[in-house]
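Engineer: Quick one: the structure is below, questions incoming.
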Amino acid sequence: MHLNAPAFSSFQHDGLKLSFFDEGDPAGDPILLIHGFASSALVNWVHPGWLKTLGDAGYRVIAIDNRGHGQSDKPHEPSRYHVPLMAADAVALLDHLGIPEAHVMGYSMGARITTFAALAFPHRIRTIILGGLGIGMVTGVGDWDPIADALLAPSLEDVAHERGRMFRAFADQTKSDRLALAACIRTSRDLLSAEDMGKIDMPALIGVGTKDDIAGSAQELAMLMPHAEALDIPNRDHMLAVGDRVFKKAALEFLHKHS
């Protein structure tokens with residue numbers, strides 16, 4: 001667990017103040033990191049060691065706090081959380097930093113945002129790494145309305161739904177704005193078609209834990225894409241695959257191959 005927090009800055013986009021960090025080697029290849037639902041740049045990328053891993057490998061490491069998360073503004077309207085809006089936030093950060101093209105890596109909801117960005121802004125993205133989301137990108141990842149209900153419940157003790165309890169406990173632990181997260185989970189599940197996935201032609205790495213019961217198959221998603229490879233992250237579930245050493249090693253090899 002790496003606890004040293006980097007310095008965060010902010011920029012304005014779509015009427016929101018969005019928080020980010022810009023660390024690692026300023027002269028290195030830039031990689032933009034996009035965290036998952038109910039997480040943050042700190043929880044998803046600093047504490048599990050990604051900032052250190054990528055920084056030590058010579059990359060310029062940039063991570064955004066998605067709207068509704070971390071230190072960014074947290075609107076309570078579900079209409080503000082459709083995935084194309086968050087994808088535009090991520091590319092606006094590249095604009096803000098004057099970066100014409102970057103590698104982009106996202107985990108879970110961040111993988112969905114990364115994919116929408118790759119479709120809408122292909123000239124800005126050199127490669128993509130998708131963690132914690134496989135064919136669920138296309139087929140959906142189950143009923144998440146109980147998670148919104150769990151986030152709005154008076155307390156964790158009032159939540160019986162197992163996955164709802166997991167996310168409510170995580171939100172309480174990270175002291176998140178639960179109204180913003182409940183709004184986010186209602187509209188951030190936009191799906192892509194198999195045809196859409198086939199249009200994403202930059203190199204892609206898709207990593208999913210073998211015990212992940214949310215993501216769906218990495219192999220099935222990779223088969224829809226012209227230049228994608230799938231990675232099984234052994235014995236890891238959705239929460240624990242994030243910082244896994246197998247995932248980090250594969251990501252570094254993939255980035256080195258395409259830098």
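Simple scheme: letters A, B, ... for chains in structure tokens order, numbers from 1 for residues in each chain, numbers from 1 for ligands in the order shown.
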With a distance cut-off of 8 Å and only C-alpha atoms, select the neighbouring residues of Val208 (chain A), excluding the residue or stretch itself and same-chain residues fewer than 4 positions from it, and output the selection as number ranges by chain.

Structural biologist: A: 131-134, 212, 215, 217-218, 231-233, 238, 241

Engineer: Write out as a list in words the residues lying within 10 Å of His96 (chain A), counting only C-alpha atoms and excluding same-chain residues fewer than 2 positions away.

Structural biologist: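 Listing them by chain and then by number gives Ser10, Phe11, Gln12, His13, Ala90, Val91, Ala92, Leu93, Leu94, Gly98 and Ile99 of chain A.
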
Engineer: What does the distance between CA of Thr210 (chain A) and CA of Gly140 (chain A) come to in Å, to one decimal place?

Structural biologist: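 Taking CA of Thr210 (chain A) as the start and CA of Gly140 (chain A) as the end point, the length is 18.1 Å.
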
Engineer: For the alpha helix (DSSP H) assignment from backbone DSSP, which residues of region 22-80 of chain A qualify? Please present them as a list in words.

Structural biologist: Ala41, Trp50, Leu51, Lys52, Thr53, Leu54, Gly55 and Asp56 of chain A

Engineer: Enter the distance from CA of Asp201 (chain A) to CA of Thr127 (chain A), in Å, rounded to one decimal.

Structural biologist: 9.1 Å

Engineer: Could you make a table, as a Markdown table, of the residues of region 56-141 of chain A that have an atom within 8 Å of an atom of region 34-42 of chain A, each with its nearest atom pair and distance in Å to one decimal, counting only C-alpha atoms, in chain and number order?

Structural biologist:
```
| residue | atom | partner | partner_atom | distance |
| --- | --- | --- | --- | --- |
| A:Ala63 | CA | A:Ala41 | CA | 5.7 |
| A:Ile64 | CA | A:Ala41 | CA | 6.0 |
| A:Asp65 | CA | A:Ala41 | CA | 5.4 |
| A:Asn66 | CA | A:Ser40 | CA | 7.3 |
| A:His69 | CA | A:Ser40 | CA | 5.9 |
| A:Gly70 | CA | A:Ser40 | CA | 4.9 |
| A:Ala90 | CA | A:Ile34 | CA | 7.7 |
| A:Val104 | CA | A:Ile34 | CA | 7.6 |
| A:Met105 | CA | A:Ile34 | CA | 6.2 |
| A:Gly106 | CA | A:Ile34 | CA | 4.5 |
| A:Tyr107 | CA | A:Gly36 | CA | 5.2 |
| A:Ser108 | CA | A:Gly36 | CA | 5.0 |
| A:Met109 | CA | A:Gly36 | CA | 4.6 |
| A:Gly110 | CA | A:Ile34 | CA | 4.8 |
| A:Ala111 | CA | A:Ile34 | CA | 7.3 |
| A:Ile113 | CA | A:Ile34 | CA | 7.6 |
| A:Thr114 | CA | A:Ile34 | CA | 7.2 |
```

Engineer: Take the residues that were just selected and, keeping C-alpha atoms, output them as a PDB file, in the first residue's frame.

Structural biologist:
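In the end it all went to out-v4.pdb:
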```pdb
ATOM      1  CA  ALA A  63      -4.799  10.660 -13.278  1.00  0.00           C
ATOM      2  CA  ILE A  64      -8.191  12.367 -13.120  1.00  0.00           C
ATOM      3  CA  ASP A  65     -10.778  12.332 -10.365  1.00  0.00           C
ATOM      4  CA  ASN A  66     -13.932  11.656 -12.380  1.00  0.00           C
ATOM      5  CA  HIS A  69     -15.528  11.433  -7.185  1.00  0.00           C
ATOM      6  CA  GLY A  70     -12.400  12.339  -5.222  1.00  0.00           C
ATOM      7  CA  ALA A  90     -10.617  12.976 -19.652  1.00  0.00           C
ATOM      8  CA  VAL A 104      -5.004   5.618 -21.525  1.00  0.00           C
ATOM      9  CA  MET A 105      -5.739   3.073 -18.806  1.00  0.00           C
ATOM     10  CA  GLY A 106      -9.066   2.659 -17.026  1.00  0.00           C
ATOM     11  CA  TYR A 107     -10.405   0.313 -14.380  1.00  0.00           C
ATOM     12  CA  SER A 108     -14.054  -0.860 -14.277  1.00  0.00           C
ATOM     13  CA  MET A 109     -16.177   2.280 -14.937  1.00  0.00           C
ATOM     14  CA  GLY A 110     -12.871   3.869 -15.952  1.00  0.00           C
ATOM     15  CA  ALA A 111     -12.428   1.140 -18.585  1.00  0.00           C
ATOM     16  CA  ILE A 113     -14.896   5.725 -20.040  1.00  0.00           C
ATOM     17  CA  THR A 114     -11.600   4.819 -21.756  1.00  0.00           C
TER      18      THR A 114
END
```

Engineer: For a test of reading the model, state the distance in Å between CA of Arg186 (chain A) and CA of Asp145 (chain A), rounded to one decimal.

Structural biologist: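 Computing it gives 7.0 Å between the two atoms.
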
Engineer: I need the residues of region 24-177 of chain A that end up classed as strand (DSSP E) by DSSP on the backbone, written out as a ChimeraX atom specification.

Structural biologist: /A:24,30-34,60-64,102-107,125-131

Engineer: Listing only residues of region 47-148 of chain A within 8 Å of region 192-196 of chain A, what is the closest atom pair and its distance in Å (to one decimal) for each, using only C-alpha atoms, sorted by chain and residue number ascending, as CSV?

Structural biologist:
```
residue,atom,partner,partner_atom,distance
A:Leu119,CA,A:Asp196,CA,7.6
A:Met137,CA,A:Leu192,CA,6.4
A:Val138,CA,A:Leu192,CA,5.1
```

Engineer: Any chance you could export the current selection's C-alpha atoms as a compact mmCIF listing (two decimals), in the first residue's frame?

Structural biologist:
```txt
# COMPACT_ATOMS: atom_id res chain seq x y z
CA LEU A 119 -14.21 5.78 -30.08
CA MET A 137 -18.82 -3.60 -21.75
CA VAL A 138 -21.25 -4.88 -24.41
```

Engineer: Find, counting only C-alpha atoms, the residue in A:Asp190, A:Asp237, A:Glu229, A:Asp29 that gets nearest to Gly209 (chain A).

Structural biologist: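 Looking at the shortest contact to Gly209 (chain A), the residue is A:Asp237.
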
Engineer: Neighbouring residues of Ser9 (chain A) were defined as those with any atom within 7 Å, considering only C-alpha atoms; residues of the same chain fewer than 5 positions away were excluded. Please report them as a ChimeraX atom specification.

Structural biologist: /A:19-21

Engineer: Can you tell me, as a PyMOL selection string, what residues are no more than 12 Å from Gly198 (chain A) when counting only C-alpha atoms, ignoring any on the same chain fewer than 6 positions away?

Structural biologist: chain A and resi 115+118-119+138+192+204+221-228

Engineer: Those same residues, written as a short mmCIF file (atom, residue, chain, number, x, y, z; two decimals), in the first residue's frame with C-alpha atoms?

Structural biologist:
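This is the output file part.cif:
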```cif
data_model
loop_
_atom_site.label_atom_id
_atom_site.label_comp_id
_atom_site.auth_asym_id
_atom_site.auth_seq_id
_atom_site.Cartn_x
_atom_site.Cartn_y
_atom_site.Cartn_z
CA THR A 115 -13.44 2.88 -24.47
CA ALA A 118 -11.14 5.75 -27.81
CA LEU A 119 -14.21 5.78 -30.08
CA VAL A 138 -21.25 -4.88 -24.41
CA LEU A 192 -21.25 -0.22 -26.55
CA ALA A 204 -5.56 -2.82 -26.37
CA LEU A 221 -14.29 -8.65 -25.52
CA ALA A 222 -10.82 -8.97 -27.06
CA MET A 223 -12.24 -11.13 -29.88
CA LEU A 224 -14.44 -8.21 -30.97
CA MET A 225 -11.45 -5.88 -31.37
CA PRO A 226 -8.84 -5.94 -34.15
CA HIS A 227 -5.74 -5.40 -31.96
CA ALA A 228 -6.63 -6.55 -28.44
#
```

Engineer: Identify, on the basis of only C-alpha atoms, every residue whose closest approach to Phe116 (chain A) does not exceed 8 Å; exclude the query and any residue fewer than 3 positions from it along the same chain; express the result as a list in words.

Structural biologist: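 Counting only the stated atoms, we get Val83, Pro84, Ala87, Arg112, Ile113, Leu119 and Ala120 of chain A.
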
Engineer: My list of candidates is A:Met166, A:Leu181, A:Ile135, A:Ala230. Which is closest to Pro203 (chain A) when distances are computed with only C-alpha atoms?

Structural biologist: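 Of the candidates, the smallest distance to Pro203 (chain A) is held by A:Ala230.
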